[in-house]
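The file data-v4.txt comes next; it holds compact mmCIF, C-alpha atoms and all ligand atoms.
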# COMPACT_ATOMS: atom_id res chain seq x y z
CA MET A 1 39.45 116.69 197.53
CA GLN A 2 37.89 114.56 200.23
CA LYS A 3 39.85 111.51 201.29
CA ARG A 4 37.02 109.19 200.25
CA GLN A 5 36.77 110.84 196.81
CA LEU A 6 40.52 110.55 196.36
CA LEU A 7 40.40 106.84 197.20
CA ARG A 8 37.55 106.31 194.79
CA ALA A 9 39.47 108.08 192.00
CA LEU A 10 42.54 106.01 192.73
CA ALA A 11 40.56 102.80 192.75
CA ALA A 12 38.96 103.72 189.43
CA ALA A 13 42.36 104.45 187.86
CA LEU A 14 43.79 101.17 189.09
CA ALA A 15 40.76 99.25 187.90
CA LEU A 16 41.03 100.56 184.36
CA PRO A 17 43.35 97.93 182.90
CA ALA A 18 41.43 95.13 184.63
CA LEU A 19 38.19 96.36 183.07
CA GLY A 20 39.77 95.85 179.70
CA SER A 21 39.47 99.36 178.28
CA VAL A 22 43.21 99.48 177.55
CA HIS A 23 42.97 96.01 176.04
CA ALA A 24 40.13 97.11 173.77
CA ALA A 25 42.39 99.73 172.23
CA ASP A 26 45.10 97.18 171.35
CA PRO A 27 45.63 97.05 167.61
CA ILE A 28 44.54 94.06 165.54
CA LYS A 29 47.76 92.72 164.04
CA ILE A 30 48.43 91.17 160.65
CA GLY A 31 51.80 89.56 159.87
CA LEU A 32 53.08 90.24 156.36
CA ILE A 33 56.05 88.04 155.38
CA LEU A 34 57.75 89.09 152.15
CA PRO A 35 61.06 88.78 150.33
CA MET A 36 62.26 92.36 150.89
CA THR A 37 65.86 91.40 150.06
CA GLY A 38 67.48 88.84 147.77
CA GLN A 39 66.47 87.51 144.37
CA GLN A 40 62.71 88.08 144.81
CA ALA A 41 63.01 91.58 146.34
CA SER A 42 60.92 93.19 143.59
CA THR A 43 57.97 91.03 144.67
CA GLY A 44 58.35 92.19 148.27
CA ARG A 45 58.68 95.82 147.23
CA GLN A 46 55.54 95.68 145.07
CA ILE A 47 53.36 93.91 147.65
CA ASP A 48 54.57 96.05 150.54
CA ALA A 49 53.79 99.22 148.56
CA ALA A 50 50.31 97.95 147.65
CA VAL A 51 49.43 96.97 151.23
CA LYS A 52 50.64 100.37 152.49
CA LEU A 53 48.50 102.08 149.84
CA TYR A 54 45.39 100.14 150.86
CA MET A 55 45.97 100.92 154.54
CA ALA A 56 46.53 104.63 153.84
CA GLN A 57 43.40 104.80 151.69
CA ASN A 58 41.15 102.94 154.14
CA ASN A 59 42.62 103.44 157.61
CA PRO A 60 40.59 100.55 159.03
CA VAL A 61 39.29 100.69 162.60
CA ILE A 62 37.38 97.56 163.63
CA ALA A 63 35.49 97.21 166.92
CA GLY A 64 37.32 100.35 168.09
CA ARG A 65 40.73 98.86 167.31
CA LYS A 66 43.25 99.97 164.72
CA VAL A 67 44.63 97.46 162.26
CA GLU A 68 48.40 97.17 162.21
CA VAL A 69 50.51 95.39 159.58
CA ILE A 70 53.85 93.98 160.74
CA VAL A 71 56.24 93.45 157.80
CA LYS A 72 58.99 90.80 158.05
CA ASP A 73 61.67 90.01 155.48
CA ASP A 74 62.22 86.30 154.76
CA ALA A 75 64.64 86.85 151.83
CA SER A 76 62.58 84.04 150.21
CA THR A 77 64.24 81.42 152.42
CA PRO A 78 61.52 78.93 153.47
CA ASP A 79 63.10 78.15 156.89
CA GLN A 80 63.10 81.85 157.61
CA THR A 81 59.46 82.22 156.47
CA ARG A 82 58.36 79.47 158.83
CA ARG A 83 60.34 80.86 161.77
CA LEU A 84 58.94 84.37 161.23
CA ALA A 85 55.39 82.98 160.94
CA GLN A 86 55.80 81.13 164.22
CA GLU A 87 57.04 84.29 165.98
CA LEU A 88 54.23 86.40 164.55
CA VAL A 89 51.62 83.92 165.75
CA VAL A 90 53.10 83.20 169.19
CA ASN A 91 54.65 86.55 170.19
CA ASP A 92 52.69 89.14 168.23
CA LYS A 93 49.35 87.26 168.30
CA VAL A 94 48.57 88.17 164.71
CA VAL A 95 45.05 87.32 163.49
CA ALA A 96 46.30 86.53 159.99
CA LEU A 97 49.51 85.75 158.13
CA ALA A 98 49.99 87.13 154.63
CA GLY A 99 52.51 87.59 151.81
CA PHE A 100 54.54 84.52 150.64
CA GLY A 101 56.69 85.47 147.66
CA ILE A 102 57.47 81.96 146.47
CA THR A 103 55.80 78.56 146.69
CA PRO A 104 58.39 76.94 149.04
CA SER A 105 57.81 79.75 151.58
CA ALA A 106 54.04 79.22 151.47
CA MET A 107 54.39 75.44 151.74
CA ALA A 108 56.76 75.73 154.73
CA THR A 109 54.24 77.94 156.58
CA ALA A 110 51.03 75.99 155.87
CA PRO A 111 51.45 73.59 158.86
CA ILE A 112 51.73 76.58 161.22
CA ALA A 113 48.50 78.02 159.83
CA THR A 114 46.78 74.67 160.42
CA GLN A 115 48.13 74.08 163.93
CA SER A 116 47.42 77.61 165.18
CA LYS A 117 44.18 78.02 163.16
CA THR A 118 45.54 81.23 161.68
CA PRO A 119 44.23 82.25 158.25
CA MET A 120 47.08 82.58 155.78
CA VAL A 121 46.58 84.76 152.71
CA VAL A 122 48.87 83.90 149.81
CA MET A 123 49.42 87.11 147.82
CA ALA A 124 52.17 85.98 145.41
CA ALA A 125 52.94 82.25 145.24
CA ALA A 126 50.95 80.45 142.54
CA THR A 127 51.46 76.67 142.52
CA SER A 128 48.04 75.04 142.41
CA ALA A 129 48.59 72.74 145.42
CA ILE A 130 49.26 75.54 147.96
CA THR A 131 45.58 75.94 148.86
CA GLU A 132 45.43 72.22 149.62
CA ALA A 133 48.39 72.38 152.01
CA SER A 134 46.17 73.83 154.77
CA PRO A 135 42.43 74.51 155.19
CA PHE A 136 43.49 77.97 156.45
CA VAL A 137 45.08 79.08 153.15
CA VAL A 138 43.25 81.68 151.06
CA ARG A 139 44.79 82.86 147.78
CA THR A 140 44.57 86.27 146.10
CA SER A 141 47.37 85.85 143.51
CA PHE A 142 46.57 83.40 140.67
CA THR A 143 47.46 79.84 139.71
CA LEU A 144 49.90 78.70 137.03
CA PRO A 145 47.39 76.20 135.58
CA GLN A 146 45.01 79.15 134.95
CA ALA A 147 47.61 81.11 132.98
CA ALA A 148 49.13 78.08 131.20
CA VAL A 149 45.78 76.71 130.00
CA ALA A 150 44.68 80.16 128.78
CA ILE A 151 47.81 80.69 126.66
CA ALA A 152 47.69 77.09 125.34
CA GLU A 153 44.12 77.71 124.14
CA TRP A 154 45.27 80.87 122.35
CA ALA A 155 48.20 79.01 120.73
CA ASN A 156 45.87 76.25 119.50
CA LYS A 157 43.50 78.80 117.97
CA ASN A 158 46.36 80.58 116.24
CA GLY A 159 47.89 77.70 114.33
CA ILE A 160 50.80 77.05 116.70
CA LYS A 161 51.46 73.31 116.65
CA LYS A 162 55.14 72.75 117.45
CA VAL A 163 56.31 74.24 120.74
CA VAL A 164 59.24 74.02 123.15
CA SER A 165 58.54 74.84 126.81
CA LEU A 166 60.95 76.46 129.25
CA VAL A 167 60.11 76.79 132.93
CA SER A 168 61.72 77.53 136.27
CA ASP A 169 62.45 74.16 137.91
CA TYR A 170 60.14 74.20 140.95
CA GLY A 171 56.43 74.09 141.89
CA PRO A 172 54.91 76.80 139.66
CA GLY A 173 57.19 75.90 136.72
CA ILE A 174 56.22 72.24 136.93
CA ASP A 175 52.50 73.25 136.99
CA ALA A 176 53.03 75.56 134.00
CA GLU A 177 54.86 72.89 132.00
CA LYS A 178 52.24 70.22 132.68
CA TYR A 179 49.08 72.25 132.16
CA PHE A 180 50.41 73.93 129.03
CA ALA A 181 51.48 70.58 127.49
CA ASP A 182 48.24 68.79 128.44
CA ARG A 183 46.05 71.45 126.88
CA ILE A 184 48.00 72.05 123.70
CA THR A 185 48.32 68.29 123.09
CA LEU A 186 44.60 67.80 123.69
CA ASN A 187 43.96 70.21 120.82
CA GLY A 188 46.44 68.65 118.38
CA GLY A 189 49.64 70.55 119.23
CA GLN A 190 52.94 69.11 120.34
CA VAL A 191 55.64 70.04 122.89
CA VAL A 192 58.86 68.75 121.27
CA ASP A 193 61.16 69.61 124.17
CA LYS A 194 60.56 70.48 127.84
CA LEU A 195 63.38 72.57 129.30
CA ARG A 196 63.92 73.77 132.87
CA THR A 197 66.22 76.31 134.53
CA PRO A 198 67.02 76.55 138.26
CA LEU A 199 65.10 79.03 140.41
CA ARG A 200 68.32 80.46 141.87
CA ALA A 201 70.80 82.08 139.49
CA PRO A 202 69.35 80.69 136.25
CA ASP A 203 71.58 80.51 133.19
CA PHE A 204 69.52 80.85 130.02
CA ALA A 205 72.37 80.32 127.52
CA PRO A 206 72.35 76.50 127.38
CA VAL A 207 68.56 76.19 127.17
CA LEU A 208 68.28 78.90 124.52
CA GLN A 209 70.78 76.99 122.39
CA LYS A 210 68.52 73.92 122.65
CA VAL A 211 65.52 76.02 121.66
CA ARG A 212 67.35 77.25 118.57
CA ASP A 213 68.30 73.68 117.59
CA ALA A 214 64.72 72.45 117.95
CA SER A 215 63.43 75.42 115.87
CA PRO A 216 59.83 75.30 117.11
CA GLN A 217 57.08 77.68 115.96
CA ALA A 218 56.86 79.02 119.48
CA LEU A 219 58.66 78.97 122.81
CA PHE A 220 56.40 78.85 125.86
CA VAL A 221 58.02 80.33 128.99
CA PHE A 222 57.26 80.60 132.70
CA LEU A 223 59.81 82.32 134.94
CA PRO A 224 59.07 83.87 138.33
CA SER A 225 58.53 87.61 138.58
CA GLY A 226 61.85 89.45 138.35
CA GLN A 227 63.56 87.10 135.86
CA GLY A 228 61.75 88.27 132.71
CA ALA A 229 64.08 91.14 131.76
CA ALA A 230 67.27 89.03 131.98
CA PHE A 231 65.63 86.32 129.92
CA MET A 232 64.42 88.74 127.21
CA LYS A 233 67.89 90.22 126.94
CA GLN A 234 69.47 86.82 126.26
CA PHE A 235 66.64 85.79 123.94
CA ALA A 236 67.47 88.86 121.81
CA GLU A 237 71.28 88.54 122.15
CA ARG A 238 71.08 85.02 120.75
CA GLY A 239 68.99 86.27 117.85
CA LEU A 240 66.04 84.04 118.68
CA ASP A 241 63.62 86.92 118.16
CA LYS A 242 64.93 87.21 114.58
CA ALA A 243 64.92 83.43 114.01
CA GLY A 244 61.13 83.36 113.71
CA ILE A 245 60.49 81.64 117.04
CA LYS A 246 57.42 83.22 118.58
CA LEU A 247 57.66 83.94 122.29
CA ILE A 248 54.57 83.13 124.36
CA GLY A 249 54.14 82.55 128.07
CA THR A 250 52.47 83.30 131.33
CA GLY A 251 52.36 87.00 132.16
CA ASP A 252 55.16 86.61 134.68
CA ILE A 253 57.68 87.09 131.82
CA THR A 254 56.25 90.46 130.74
CA ASP A 255 55.96 91.61 134.35
CA ASP A 256 54.81 95.25 134.54
CA ASP A 257 57.57 95.93 137.07
CA GLN A 258 60.22 95.47 134.34
CA LEU A 259 58.33 95.55 131.04
CA ASN A 260 58.92 99.18 130.13
CA ASP A 261 62.70 98.67 130.21
CA MET A 262 62.75 95.46 128.17
CA GLY A 263 63.01 97.17 124.79
CA ASP A 264 61.83 96.08 121.35
CA VAL A 265 62.43 92.36 121.97
CA ALA A 266 59.26 92.34 124.10
CA LEU A 267 57.07 93.81 121.34
CA GLY A 268 54.48 91.30 120.15
CA VAL A 269 55.04 88.78 122.96
CA VAL A 270 51.69 87.16 123.77
CA THR A 271 50.98 86.05 127.34
CA ALA A 272 48.03 85.09 129.54
CA HIS A 273 47.59 86.55 133.01
CA HIS A 274 45.08 87.97 135.48
CA TYR A 275 46.48 91.50 135.66
CA ALA A 276 47.91 94.18 133.41
CA ALA A 277 48.61 97.73 134.60
CA ALA A 278 47.02 98.74 131.28
CA HIS A 279 43.70 97.01 132.21
CA LYS A 280 40.94 99.37 131.18
CA SER A 281 38.58 100.05 134.08
CA PRO A 282 37.98 103.06 136.31
CA VAL A 283 38.90 101.00 139.40
CA ASN A 284 42.26 100.05 137.88
CA GLN A 285 42.98 103.52 136.56
CA LYS A 286 42.48 104.92 140.06
CA PHE A 287 44.66 102.17 141.55
CA VAL A 288 47.53 102.67 139.09
CA GLU A 289 47.51 106.45 139.55
CA ALA A 290 47.48 106.27 143.35
CA PHE A 291 50.16 103.55 143.39
CA LYS A 292 52.48 105.53 141.11
CA LYS A 293 51.92 108.72 143.07
CA ALA A 294 52.84 107.03 146.35
CA ASN A 295 55.89 105.23 144.91
CA ASN A 296 57.90 107.64 142.74
CA GLY A 297 56.21 106.58 139.53
CA MET A 298 56.68 102.81 140.01
CA ARG A 299 54.20 100.87 137.89
CA PRO A 300 52.21 98.25 139.86
CA ASN A 301 52.57 94.65 138.65
CA PHE A 302 50.48 91.52 139.31
CA MET A 303 52.21 91.06 142.68
CA ALA A 304 51.02 94.50 143.81
CA VAL A 305 47.45 93.58 142.91
CA GLY A 306 47.71 90.26 144.79
CA GLY A 307 48.78 92.28 147.84
CA TYR A 308 46.16 95.01 147.44
CA ASP A 309 43.35 92.46 147.08
CA GLY A 310 44.79 90.25 149.83
CA ILE A 311 44.80 92.97 152.48
CA ARG A 312 41.30 93.94 151.38
CA VAL A 313 40.06 90.37 151.86
CA ILE A 314 41.58 90.29 155.37
CA VAL A 315 40.21 93.70 156.42
CA GLU A 316 36.73 92.98 155.05
CA GLY A 317 36.86 89.60 156.78
CA LEU A 318 37.81 91.26 160.07
CA LYS A 319 34.87 93.66 159.75
CA ALA A 320 32.54 90.67 159.51
CA SER A 321 34.27 88.76 162.36
CA LYS A 322 34.35 91.93 164.52
CA GLY A 323 38.10 91.69 164.76
CA GLU A 324 38.31 88.02 165.66
CA GLY A 325 40.80 85.73 163.92
CA GLY A 326 40.73 81.94 163.58
CA GLU A 327 37.77 80.07 162.06
CA LYS A 328 35.52 83.16 162.17
CA LEU A 329 37.92 85.22 160.08
CA LEU A 330 38.46 82.31 157.69
CA ALA A 331 34.71 81.89 157.19
CA ALA A 332 34.36 85.63 156.50
CA MET A 333 37.03 85.49 153.79
CA LYS A 334 35.43 82.59 151.91
CA GLY A 335 33.05 83.67 149.18
CA GLN A 336 34.12 87.32 149.11
CA ILE A 337 33.33 88.85 145.76
CA PHE A 338 34.41 92.30 144.62
CA GLU A 339 35.85 94.39 141.82
CA SER A 340 39.64 94.29 141.98
CA PRO A 341 41.92 96.42 139.80
CA ARG A 342 42.27 93.16 137.78
CA GLY A 343 38.48 92.94 137.24
CA GLN A 344 35.77 90.90 138.98
CA MET A 345 37.19 88.50 141.54
CA LEU A 346 35.84 85.81 143.86
CA ILE A 347 37.35 83.75 146.67
CA ASP A 348 35.85 80.32 145.99
CA GLY A 349 34.05 79.18 149.17
CA GLN A 350 35.04 75.55 148.60
CA THR A 351 38.64 75.75 147.40
CA ARG A 352 39.58 79.14 148.98
CA ASP A 353 41.30 79.85 145.69
CA VAL A 354 40.88 82.83 143.40
CA VAL A 355 38.36 82.84 140.53
CA HIS A 356 38.95 85.64 138.02
CA ASP A 357 39.30 86.46 134.31
CA MET A 358 42.40 85.18 132.53
CA TYR A 359 43.28 87.73 129.88
CA VAL A 360 45.26 87.14 126.72
CA ARG A 361 47.54 90.12 126.10
CA LYS A 362 50.09 91.33 123.62
CA VAL A 363 52.99 93.69 124.34
CA GLU A 364 52.51 96.95 122.43
CA ARG A 365 53.92 100.44 122.61
CA VAL A 366 51.17 102.70 123.94
CA GLY A 367 51.92 106.41 124.29
CA GLY A 368 55.67 105.70 124.33
CA GLU A 369 55.47 102.96 126.96
CA LEU A 370 55.50 99.18 126.64
CA GLN A 371 52.24 97.71 127.92
CA ASN A 372 50.48 94.35 128.13
CA VAL A 373 47.40 95.14 126.03
CA GLU A 374 44.50 92.78 126.77
CA PHE A 375 42.59 91.53 123.70
CA ASP A 376 40.77 88.38 124.83
CA ALA A 377 39.81 86.62 128.07
CA ILE A 378 38.57 83.41 129.62
CA LYS A 379 35.92 84.70 132.02
CA ALA A 380 35.62 83.71 135.70
CA MET A 381 38.25 81.00 135.43
CA LYS A 382 38.66 78.54 138.30
CA ASP A 383 41.97 76.80 138.95
CA PRO A 384 42.18 73.94 136.42
CA GLY A 385 44.50 72.25 138.91
CA LYS A 386 41.46 71.48 141.09
CA SER A 387 38.78 70.44 138.61
CA LYS A 388 39.78 66.77 138.72
C1 LIG B 1 55.76 82.06 142.11
C2 LIG B 1 54.86 82.02 141.03
C3 LIG B 1 56.64 83.13 142.23
C4 LIG B 1 54.87 83.04 140.08
C5 LIG B 1 56.64 84.14 141.27
O1 LIG B 1 57.47 85.23 141.34
C6 LIG B 1 55.75 84.09 140.20
C7 LIG B 1 55.79 80.96 143.09
C8 LIG B 1 58.30 85.45 142.45
O2 LIG B 1 54.74 80.31 143.27
O3 LIG B 1 56.87 80.74 143.67
O4 LIG B 1 55.80 85.08 139.28
Once more with this new file: its structure as structure tokens, please.
Ligand code: VNL
Amino acid sequence: MQKRQLLRALAAALALPALGSVHAADPIKIGLILPMTGQQASTGRQIDAAVKLYMAQNNPVIAGRKVEVIVKDDASTPDQTRRLAQELVVNDKVVALAGFGITPSAMATAPIATQSKTPMVVMAAATSAITEASPFVVRTSFTLPQAAVAIAEWANKNGIKKVVSLVSDYGPGIDAEKYFADRITLNGGQVVDKLRTPLRAPDFAPVLQKVRDASPQALFVFLPSGQGAAFMKQFAERGLDKAGIKLIGTGDITDDDQLNDMGDVALGVVTAHHYAAAHKSPVNQKFVEAFKKANNGMRPNFMAVGGYDGIRVIVEGLKASKGEGGEKLLAAMKGQIFESPRGQMLIDGQTRDVVHDMYVRKVERVGGELQNVEFDAIKAMKDPGKSK
């Protein structure tokens, strides 16, 4: 090789990074913060599995760059969530934050989303006010007012007048208690006692005794995903299922992650929610089959669907923004409309919250398995928490 040629080749090699061709191949990063350990670990496990499934099915490459998801475990400790979000934004330069197993974790992170202009997709937490905590929040889970109003309407139509409510004592529980009571009272019903249990290490014995003493027609319950099975067990052990007290609630208590192991006590429980693994549509059937195949037969629950739809909204947004984050990505997420495994779904352009069908379901044994069987729905329901 001539000396001049050699120099030219060397110069070209050295110039490569400066020209940005290495930079162009850098992955686009998304930070996924989930409770992978601790009390809410089932939520982390479900969402992580769903996001991995979406990524394996779609393998997104945007503007020549791969999309990489960085998973961090916050053990549902809000201080931890905020610290991890900060690191992901500052050190990893993620274009979006996602996950958020519980409301306090989402609330703790919202100021970081605002300050850094990083879109933040809430895949699990469901207190109405979360989307108002930052203009960069987009939600793909659901809201408690949606589920609570839908089940209250069903109760009113089915002659249930005297009810006791029991909720987990924090954001989503307080929403559930309020929106259920407001709606059932509006239609002539009555909540004779409002009971709460702590989020951490709840003890259902004392509250169930109070329920028995009040002997209502129905008990309305909201508990976060993962607590339903323990609650059902105590409900049965105390003989409340035999005492003629009808159990109704938001779908969190008949969570598909645990439902099949709950036993006969769950049969006939009526709940309202946005997702059932038994939802009849080709899109859902395909989703459930692929999810089970990739996860040793694990049945996807509503958390999995929040994750699957959430990563979809981010990836589709990135396609439109050509890989850019910030305001461009946020704008591209607003107004997205598509068929989710849950059914038709829209990200409201104004509120950035999810608009979807709220189904009324009853637990039945189908082909030897306990399932939430949908039998009615409020179509395209917005968050009642925002229609003030
Ligand atoms: C929340 C709402 C968490 C509903 C849940 O499970 C749930 C929340 C962990 O907003 O904290 O089922």
What lies within 12 Å of A:Leu223 using all atoms listed in the file, ignoring chain neighbours under 5 positions off, as a ChimeraX atom specification? /A:40,102,126,144,165-177,195-202,204,228-232,248-255
Starting from the point (44.5, 89.5, 148.0), work out which residues of protein, DNA or RNA have an atom no more than 10 Å away when counting all atoms listed in the file; state them as number ranges by chain. A: 47, 51, 98-99, 121-124, 138-142, 303-314, 340, 345, 347, 354
Report, as AutoDock Vina command-line options, the centre and edge lengths in Å (one decimal) of the axis-aligned box enclosing every listed atom of ligand LIG 1 (chain B), padded by 4 Å on each side.
--center_x 56.5 --center_y 82.9 --center_z 141.5 --size_x 11.6 --size_y 13.1 --size_z 12.4
Proximity to A:Phe100 - best of A:Ala155, A:Ile160, A:Ala50, A:Leu32, all atoms listed in the file: A:Leu32
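The shortest atom-to-atom distance to A:Ser105, with all atoms listed in the file taken into account, belongs to A:Ile33 out of A:Asn158, A:Ile33, A:Ala147, A:Val90.
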What lies within 12 Å of A:Val288 using only C-alpha atoms, ignoring chain neighbours under 2 positions off, as an NGL selection string? :A and (49-50 or 53 or 256 or 275-286 or 290-295 or 297-302 or 304-305 or 308 or 340-342)
Could the residues in this selection be saved with C-alpha atoms as a PDB file, keeping the file's coordinate frame?
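The resulting file, part-v3.pdb, is shown below:
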ATOM      1  CA  ALA A  49      53.790  99.220 148.560  1.00  0.00           C
ATOM      2  CA  ALA A  50      50.310  97.950 147.650  1.00  0.00           C
ATOM      3  CA  LEU A  53      48.500 102.080 149.840  1.00  0.00           C
ATOM      4  CA  ASP A 256      54.810  95.250 134.540  1.00  0.00           C
ATOM      5  CA  TYR A 275      46.480  91.500 135.660  1.00  0.00           C
ATOM      6  CA  ALA A 276      47.910  94.180 133.410  1.00  0.00           C
ATOM      7  CA  ALA A 277      48.610  97.730 134.600  1.00  0.00           C
ATOM      8  CA  ALA A 278      47.020  98.740 131.280  1.00  0.00           C
ATOM      9  CA  HIS A 279      43.700  97.010 132.210  1.00  0.00           C
ATOM     10  CA  LYS A 280      40.940  99.370 131.180  1.00  0.00           C
ATOM     11  CA  SER A 281      38.580 100.050 134.080  1.00  0.00           C
ATOM     12  CA  PRO A 282      37.980 103.060 136.310  1.00  0.00           C
ATOM     13  CA  VAL A 283      38.900 101.000 139.400  1.00  0.00           C
ATOM     14  CA  ASN A 284      42.260 100.050 137.880  1.00  0.00           C
ATOM     15  CA  GLN A 285      42.980 103.520 136.560  1.00  0.00           C
ATOM     16  CA  LYS A 286      42.480 104.920 140.060  1.00  0.00           C
ATOM     17  CA  ALA A 290      47.480 106.270 143.350  1.00  0.00           C
ATOM     18  CA  PHE A 291      50.160 103.550 143.390  1.00  0.00           C
ATOM     19  CA  LYS A 292      52.480 105.530 141.110  1.00  0.00           C
ATOM     20  CA  LYS A 293      51.920 108.720 143.070  1.00  0.00           C
ATOM     21  CA  ALA A 294      52.840 107.030 146.350  1.00  0.00           C
ATOM     22  CA  ASN A 295      55.890 105.230 144.910  1.00  0.00           C
ATOM     23  CA  GLY A 297      56.210 106.580 139.530  1.00  0.00           C
ATOM     24  CA  MET A 298      56.680 102.810 140.010  1.00  0.00           C
ATOM     25  CA  ARG A 299      54.200 100.870 137.890  1.00  0.00           C
ATOM     26  CA  PRO A 300      52.210  98.250 139.860  1.00  0.00           C
ATOM     27  CA  ASN A 301      52.570  94.650 138.650  1.00  0.00           C
ATOM     28  CA  PHE A 302      50.480  91.520 139.310  1.00  0.00           C
ATOM     29  CA  ALA A 304      51.020  94.500 143.810  1.00  0.00           C
ATOM     30  CA  VAL A 305      47.450  93.580 142.910  1.00  0.00           C
ATOM     31  CA  TYR A 308      46.160  95.010 147.440  1.00  0.00           C
ATOM     32  CA  SER A 340      39.640  94.290 141.980  1.00  0.00           C
ATOM     33  CA  PRO A 341      41.920  96.420 139.800  1.00  0.00           C
ATOM     34  CA  ARG A 342      42.270  93.160 137.780  1.00  0.00           C
TER      35      ARG A 342
END
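Separating atom CA of A:Gln39 from atom C8 of ligand LIG 1 (chain B) is a distance of 8.6 Å.
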Show which residues sit within 8 Å of A:Met120, as number ranges by chain. Count only C-alpha atoms, and ignore same-chain residues fewer than 2 positions away. A: 96-98, 110, 113, 118, 122, 136-138
Env of A:Ser128: 7 Å cut, atoms = all atoms listed in the file, seq-sep filter 3 positions within chain, self excluded. Answer as a PyMOL selection string. chain A and resi 131+143-145+385
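Closest approach to A:Lys334 among A:Gln350, A:Ala320, A:Pro78, A:Leu186 is made by A:Gln350 (distances from only C-alpha atoms).
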Which value, in Å to one decimal, gives the distance between atom CA of A:Val94 and atom CA of A:Gly325? 8.2 Å
I need every residue sitting at most 9 Å from the point (64.3, 84.7, 151.5) (coordinates as in the file, all atoms listed in the file considered), written as a PyMOL selection string. chain A and resi 34-41+73-81+101-102+105
Restricting to all atoms listed in the file, whichever of A:Leu259, A:Ile62, A:Met107, A:Ala152 is closest to ligand LIG 1 (chain B) is A:Met107
One decimal, in Å: what's the spacing between atom CA of A:Glu339 and atom CA of A:Arg183? 29.2 Å
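The residue that comes closest to A:Arg82, out of A:Ala25, A:Ala133, A:Val192, A:Ala106 and on the basis of all atoms listed in the file, is A:Ala106.
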As a CSV table (one decimal), in the coordinates of the input, the rebuilt stretch 309-324 of chain A with N, CA and C atoms:
chain,number,residue,atom,x,y,z
A,309,ASP,N,44.6,93.2,146.9
A,309,ASP,CA,43.4,92.5,147.1
A,309,ASP,C,43.4,91.6,148.3
A,310,GLY,N,44.6,91.1,148.7
A,310,GLY,CA,44.8,90.2,149.8
A,310,GLY,C,44.5,91.0,151.1
A,311,ILE,N,45.0,92.2,151.2
A,311,ILE,CA,44.8,93.0,152.5
A,311,ILE,C,43.3,93.4,152.6
A,312,ARG,N,42.7,93.6,151.4
A,312,ARG,CA,41.3,93.9,151.4
A,312,ARG,C,40.5,92.8,151.9
A,313,VAL,N,40.8,91.6,151.4
A,313,VAL,CA,40.1,90.4,151.9
A,313,VAL,C,40.2,90.2,153.4
A,314,ILE,N,41.4,90.4,153.9
A,314,ILE,CA,41.6,90.3,155.4
A,314,ILE,C,40.8,91.3,156.1
A,315,VAL,N,40.9,92.6,155.7
A,315,VAL,CA,40.2,93.7,156.4
A,315,VAL,C,38.7,93.5,156.3
A,316,GLU,N,38.2,93.2,155.2
A,316,GLU,CA,36.7,93.0,155.0
A,316,GLU,C,36.3,91.8,155.9
A,317,GLY,N,37.1,90.8,155.9
A,317,GLY,CA,36.9,89.6,156.8
A,317,GLY,C,36.8,90.0,158.3
A,318,LEU,N,37.8,90.8,158.7
A,318,LEU,CA,37.8,91.3,160.1
A,318,LEU,C,36.6,92.1,160.4
A,319,LYS,N,36.1,92.9,159.5
A,319,LYS,CA,34.9,93.7,159.8
A,319,LYS,C,33.7,92.7,160.1
A,320,ALA,N,33.6,91.6,159.3
A,320,ALA,CA,32.5,90.7,159.5
A,320,ALA,C,32.7,89.9,160.8
A,321,SER,N,34.0,89.6,161.2
A,321,SER,CA,34.3,88.8,162.4
A,321,SER,C,34.4,89.6,163.6
A,322,LYS,N,34.2,90.9,163.4
A,322,LYS,CA,34.4,91.9,164.5
A,322,LYS,C,35.7,91.9,165.2
A,323,GLY,N,36.7,91.6,164.3
A,323,GLY,CA,38.1,91.7,164.8
A,323,GLY,C,38.7,90.4,165.2
A,324,GLU,N,37.8,89.3,165.2
A,324,GLU,CA,38.3,88.0,165.7
A,324,GLU,C,39.1,87.3,164.5
